[in-house]
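Peer 1: TSV, C-alpha atoms and all ligand atoms, saved as start27.tsv, coming up:
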chain	number	residue	atom	x	y	z
S	1	MET	CA	78.85	79.03	51.65
S	2	LYS	CA	81.54	77.36	49.54
S	3	THR	CA	80.32	74.67	47.18
S	4	PHE	CA	82.26	71.68	45.91
S	5	GLN	CA	81.95	69.57	42.77
S	6	LYS	CA	84.17	66.75	44.01
S	7	LEU	CA	84.21	65.04	47.40
S	8	ASP	CA	88.04	65.11	47.40
S	9	ASP	CA	88.02	68.88	47.07
S	10	PHE	CA	85.70	69.08	50.04
S	11	LEU	CA	87.97	66.80	52.10
S	12	ASN	CA	91.04	68.85	51.18
S	13	PHE	CA	89.26	72.05	52.11
S	14	ALA	CA	88.22	70.57	55.48
S	15	TRP	CA	91.81	69.50	56.22
S	16	ALA	CA	93.09	72.95	55.27
S	17	GLN	CA	90.68	74.38	57.85
S	18	ILE	CA	91.78	71.83	60.46
S	19	SER	CA	95.44	72.70	59.90
S	20	ARG	CA	94.66	76.34	60.70
S	21	GLY	CA	94.00	75.23	64.26
S	22	LYS	CA	97.71	74.79	64.92
S	23	VAL	CA	98.98	77.97	63.25
S	24	ASP	CA	96.15	80.45	63.77
S	25	LYS	CA	95.19	81.08	67.39
S	26	LYS	CA	92.01	82.81	66.23
S	27	SER	CA	90.79	79.89	64.15
S	28	PRO	CA	87.87	77.96	65.68
S	29	ALA	CA	89.78	74.82	64.66
S	30	ARG	CA	92.19	75.77	67.46
S	31	HIS	CA	89.64	74.52	70.00
S	32	PRO	CA	87.81	71.41	68.81
S	33	THR	CA	85.28	69.65	70.99
S	34	PHE	CA	86.53	66.17	71.88
S	35	VAL	CA	83.84	63.62	72.74
S	36	THR	CA	84.35	60.29	74.52
S	37	SER	CA	81.86	57.71	75.76
S	38	ASN	CA	81.62	57.38	79.52
S	39	SER	CA	81.03	54.14	81.41
S	40	ASP	CA	77.70	55.59	82.65
S	41	GLY	CA	76.49	55.59	79.05
S	42	PHE	CA	76.54	59.34	78.63
S	43	PRO	CA	78.91	60.92	76.13
S	44	LYS	CA	81.31	63.52	77.52
S	45	ALA	CA	82.42	66.52	75.52
S	46	ARG	CA	85.20	68.95	76.34
S	47	MET	CA	87.37	71.47	74.58
S	48	LEU	CA	90.98	70.72	73.72
S	49	VAL	CA	93.71	72.66	71.93
S	50	MET	CA	94.70	71.38	68.50
S	51	ARG	CA	98.45	70.76	68.76
S	52	ARG	CA	99.19	69.26	65.36
S	53	SER	CA	97.46	67.93	62.29
S	54	ASP	CA	98.83	65.77	59.51
S	55	ARG	CA	96.74	65.47	56.38
S	56	LYS	CA	98.92	62.72	54.87
S	57	LYS	CA	98.87	60.51	57.97
S	58	ASN	CA	95.26	61.37	58.70
S	59	GLU	CA	96.22	62.39	62.23
S	60	ILE	CA	95.51	65.12	64.70
S	61	GLU	CA	97.23	65.56	68.05
S	62	PHE	CA	96.09	66.77	71.45
S	63	HIS	CA	97.78	66.88	74.83
S	64	THR	CA	96.21	66.05	78.16
S	65	GLU	CA	96.80	64.67	81.66
S	66	THR	CA	97.20	61.02	82.55
S	67	THR	CA	94.91	61.66	85.51
S	68	SER	CA	92.05	63.25	83.59
S	69	SER	CA	88.77	61.41	83.21
S	70	LYS	CA	89.07	61.31	79.42
S	71	MET	CA	92.04	58.96	79.82
S	72	LEU	CA	89.91	56.53	81.78
S	73	ALA	CA	87.17	56.77	79.17
S	74	LEU	CA	89.69	56.12	76.38
S	75	GLU	CA	91.00	53.02	78.16
S	76	GLU	CA	87.50	51.60	77.93
S	77	ASN	CA	86.76	52.87	74.45
S	78	ALA	CA	89.46	54.40	72.26
S	79	ARG	CA	86.90	55.56	69.72
S	80	ALA	CA	86.06	59.21	70.06
S	81	GLY	CA	84.59	62.14	68.17
S	82	ILE	CA	85.71	65.60	67.19
S	83	HIS	CA	83.47	68.52	66.38
S	84	ILE	CA	84.50	71.86	64.92
S	85	TRP	CA	82.26	74.69	63.72
S	86	LEU	CA	83.83	77.21	61.35
S	87	PRO	CA	81.39	80.14	61.07
S	88	LYS	CA	83.36	82.13	58.47
S	89	VAL	CA	83.21	79.31	55.95
S	90	GLN	CA	79.92	77.93	57.31
S	91	LEU	CA	81.41	74.49	57.73
S	92	GLN	CA	80.76	71.92	60.44
S	93	ILE	CA	83.42	69.22	60.76
S	94	GLN	CA	82.56	65.96	62.48
S	95	MET	CA	85.25	63.31	62.77
S	96	ASN	CA	85.23	59.75	64.03
S	97	ILE	CA	88.65	59.05	65.50
S	98	ASP	CA	90.60	56.07	66.83
S	99	VAL	CA	92.71	57.47	69.64
S	100	GLU	CA	96.26	56.29	70.17
S	101	VAL	CA	97.44	57.33	73.63
S	102	LYS	CA	101.13	58.03	74.08
S	103	VAL	CA	102.52	58.29	77.61
S	104	GLY	CA	106.02	58.72	79.10
S	105	ASP	CA	109.35	59.05	77.29
S	106	ILE	CA	107.80	58.75	73.83
S	107	THR	CA	106.09	62.10	74.48
S	108	ILE	CA	109.34	63.99	75.24
S	109	PRO	CA	109.68	65.35	71.66
S	110	ASN	CA	106.04	66.50	71.80
S	111	TRP	CA	106.65	68.12	75.20
S	112	ARG	CA	109.68	70.00	73.83
S	113	ASP	CA	107.37	71.58	71.24
S	114	VAL	CA	104.98	72.88	73.90
S	115	PRO	CA	105.73	76.55	74.53
S	116	THR	CA	107.09	77.21	78.04
S	117	ASN	CA	104.16	79.42	79.01
S	118	SER	CA	101.69	76.70	77.96
S	119	ARG	CA	103.37	74.02	80.08
S	120	VAL	CA	101.87	75.35	83.31
S	121	ALA	CA	98.50	74.00	82.11
S	122	TYR	CA	99.76	70.44	82.60
S	123	GLY	CA	100.67	68.32	85.60
S	124	THR	CA	98.58	70.36	87.99
S	125	ILE	CA	97.02	69.22	91.24
S	126	PRO	CA	94.09	68.83	91.41
S	127	SER	CA	93.70	67.23	87.98
S	128	PRO	CA	91.54	69.05	85.45
S	129	GLY	CA	87.90	68.04	85.57
S	130	ILE	CA	87.95	67.17	89.29
S	131	VAL	CA	84.88	68.46	91.10
S	132	ILE	CA	85.98	71.06	93.64
S	133	ALA	CA	84.23	70.12	96.87
S	134	ARG	CA	84.54	73.43	98.69
S	135	VAL	CA	85.58	76.99	98.18
S	136	GLY	CA	88.93	77.78	99.75
S	137	PRO	CA	92.65	77.27	99.25
S	138	LEU	CA	93.52	74.30	97.05
S	139	PRO	CA	96.73	72.36	96.93
S	140	PHE	CA	98.31	73.55	93.69
S	141	LYS	CA	101.31	72.02	92.00
S	142	MET	CA	102.75	73.00	88.64
S	143	GLY	CA	103.61	70.66	85.78
S	144	ASN	CA	106.93	68.91	85.45
S	145	PRO	CA	109.33	70.14	82.79
S	146	MET	CA	110.00	66.88	80.93
S	147	GLY	CA	106.58	65.66	80.15
S	148	THR	CA	106.29	62.56	82.29
S	149	GLY	CA	102.97	63.87	83.57
S	150	THR	CA	101.86	64.91	80.12
S	151	ASN	CA	100.50	62.75	77.39
S	152	GLY	CA	100.20	63.13	73.70
S	153	LEU	CA	96.99	61.83	72.31
S	154	ASN	CA	97.58	60.92	68.73
S	155	ALA	CA	94.33	60.49	66.97
S	156	PRO	CA	94.41	59.05	63.49
S	157	ALA	CA	91.33	60.65	62.09
S	158	LYS	CA	88.70	58.93	60.00
S	159	THR	CA	86.86	61.57	58.11
A	1	LIG	C1	89.94	76.97	75.77
A	1	LIG	C2	90.21	75.66	76.46
A	1	LIG	C3	91.26	74.87	76.03
A	1	LIG	C4	91.53	73.64	76.66
A	1	LIG	N1	92.57	72.86	76.21
A	1	LIG	C5	92.82	71.68	76.81
A	1	LIG	C6	93.85	70.82	76.31
A	1	LIG	O1	94.52	71.09	75.32
A	1	LIG	N2	94.04	69.65	76.96
A	1	LIG	C7	93.30	69.28	78.05
A	1	LIG	O2	93.54	68.20	78.58
A	1	LIG	N3	92.32	70.06	78.53
A	1	LIG	C8	92.06	71.25	77.93
A	1	LIG	N4	91.05	72.06	78.40
A	1	LIG	C9	90.29	71.60	79.57
A	1	LIG	C10	89.28	70.54	79.09
A	1	LIG	O3	88.23	71.19	78.38
A	1	LIG	C11	88.70	69.73	80.25
A	1	LIG	O4	88.02	70.54	81.15
A	1	LIG	C12	89.79	68.97	80.99
A	1	LIG	O5	90.72	68.40	80.09
A	1	LIG	C13	89.19	67.84	81.86
A	1	LIG	O6	88.43	67.02	81.02
A	1	LIG	P1	88.00	65.53	81.40
A	1	LIG	O7	87.71	65.55	82.89
A	1	LIG	O8	86.79	65.28	80.59
A	1	LIG	O9	89.14	64.62	81.08
A	1	LIG	C14	90.75	73.23	77.76
A	1	LIG	C15	89.67	74.04	78.17
A	1	LIG	C16	89.42	75.23	77.54
A	1	LIG	C17	88.26	76.07	78.02
Starting from the file, lay out its structure as structure tokens.

Peer 2:
Amino acid sequence: MKTFQKLDDFLNFAWAQISRGKVDKKSPARHPTFVTSNSDGFPKARMLVMRRSDRKKNEIEFHTETTSSKMLALEENARAGIHIWLPKVQLQIQMNIDVEVKVGDITIPNWRDVPTNSRVAYGTIPSPGIVIARVGPLPFKMGNPMGTGTNGLNAPAKT
């Protein structure tokens, strides 16, 4: 395990690992666990893809659906958590984050950066996280091309 003499060095190292999530598909930082608090009092954790990180602005970015349950949870409480485990460097990263939700036209530049083959993951019916009541054919609709059904979640991170 890497050791650090200064807290700043540790923080820089952690951010370097986080930034690998965007560029290295094999990095565990690619798939952080994103935790919100539900109205029933239970936390809810799910995996998201790291879309961008910005060390200087203290921000990380994720994309999701307006209709997903995490959006509802964030309306009630915009404070969330991130967890990443990096086995190679034996480092656990826990972040407290204030989530800034961006919806609609403001997300068009973000949407343009989403690779075409990744876009099909968004704007689907039924929404992700919906409990499927029965086995059988489901209505399925693919995402729209200009991002109006896709949100950017900009999360200024407090580490
Ligand atoms: C490998 C992997 C990557 C995922 N990436 C995303 C993502 O970037 N955005 C997203 O909204 N959901 C993503 N999901 C689905 C979420 O984990 C979750 O099931 C979905 O967003 C619904 O969550 P919610 O009902 O808690 O809002 C991913 C799931 C897996 C297994």

Peer 1: What do you get as a ChimeraX atom specification if you pick all residues at most 9 Å from ligand LIG 1 (chain A), counting only C-alpha atoms and all ligand atoms?

Peer 2: /S:30-36,44-51,62-73,121-122,127-130,151

Peer 1: If I take CA of Asp113 in chain S and CA of Ile82 in chain S, how far is one from the other in Å, to one decimal?

Peer 2: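 Taking CA of Asp113 in chain S and CA of Ile82 in chain S, their separation equals 22.8 Å.
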
Peer 1: Separation of CA of Arg55 in chain S and CA of Ser19 in chain S, in Å?

Peer 2: 8.1 Å

Peer 1: Could you please give me, as a list in words, the residues of protein, DNA or RNA lying at most 7 Å from (83.9, 64.7, 63.0) in the coordinate frame of the file, considering all atoms listed in the file?

Peer 2: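 Those residues lying close to the given coordinates are Gly81, Ile82, His83, Ile93, Gln94, Met95, Asn96 and Thr159 of chain S.
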
Peer 1: Any chance you could export the current selection's C-alpha atoms as a PDB file, in the frame of the given file?

Peer 2:
ATOM      1  CA  GLY S  81      84.590  62.140  68.170  1.00  0.00           C
ATOM      2  CA  ILE S  82      85.710  65.600  67.190  1.00  0.00           C
ATOM      3  CA  HIS S  83      83.470  68.520  66.380  1.00  0.00           C
ATOM      4  CA  ILE S  93      83.420  69.220  60.760  1.00  0.00           C
ATOM      5  CA  GLN S  94      82.560  65.960  62.480  1.00  0.00           C
ATOM      6  CA  MET S  95      85.250  63.310  62.770  1.00  0.00           C
ATOM      7  CA  ASN S  96      85.230  59.750  64.030  1.00  0.00           C
ATOM      8  CA  THR S 159      86.860  61.570  58.110  1.00  0.00           C
TER       9      THR S 159
END

Peer 1: Quick one: pull the distance between CA of Lys2 in chain S and CA of Leu91 in chain S, Å, one decimal.

Peer 2: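 CA of Leu91 in chain S lies 8.7 Å from CA of Lys2 in chain S.
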
Peer 1: Between S:Asn12, S:Gln17, S:Asn58, S:Thr3, which one has atoms that come closest to Trp85 in chain S, using only C-alpha atoms?

Peer 2: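 Of S:Asn12, S:Gln17, S:Asn58, S:Thr3, the one nearest Trp85 in chain S, counting only C-alpha atoms, is S:Gln17.
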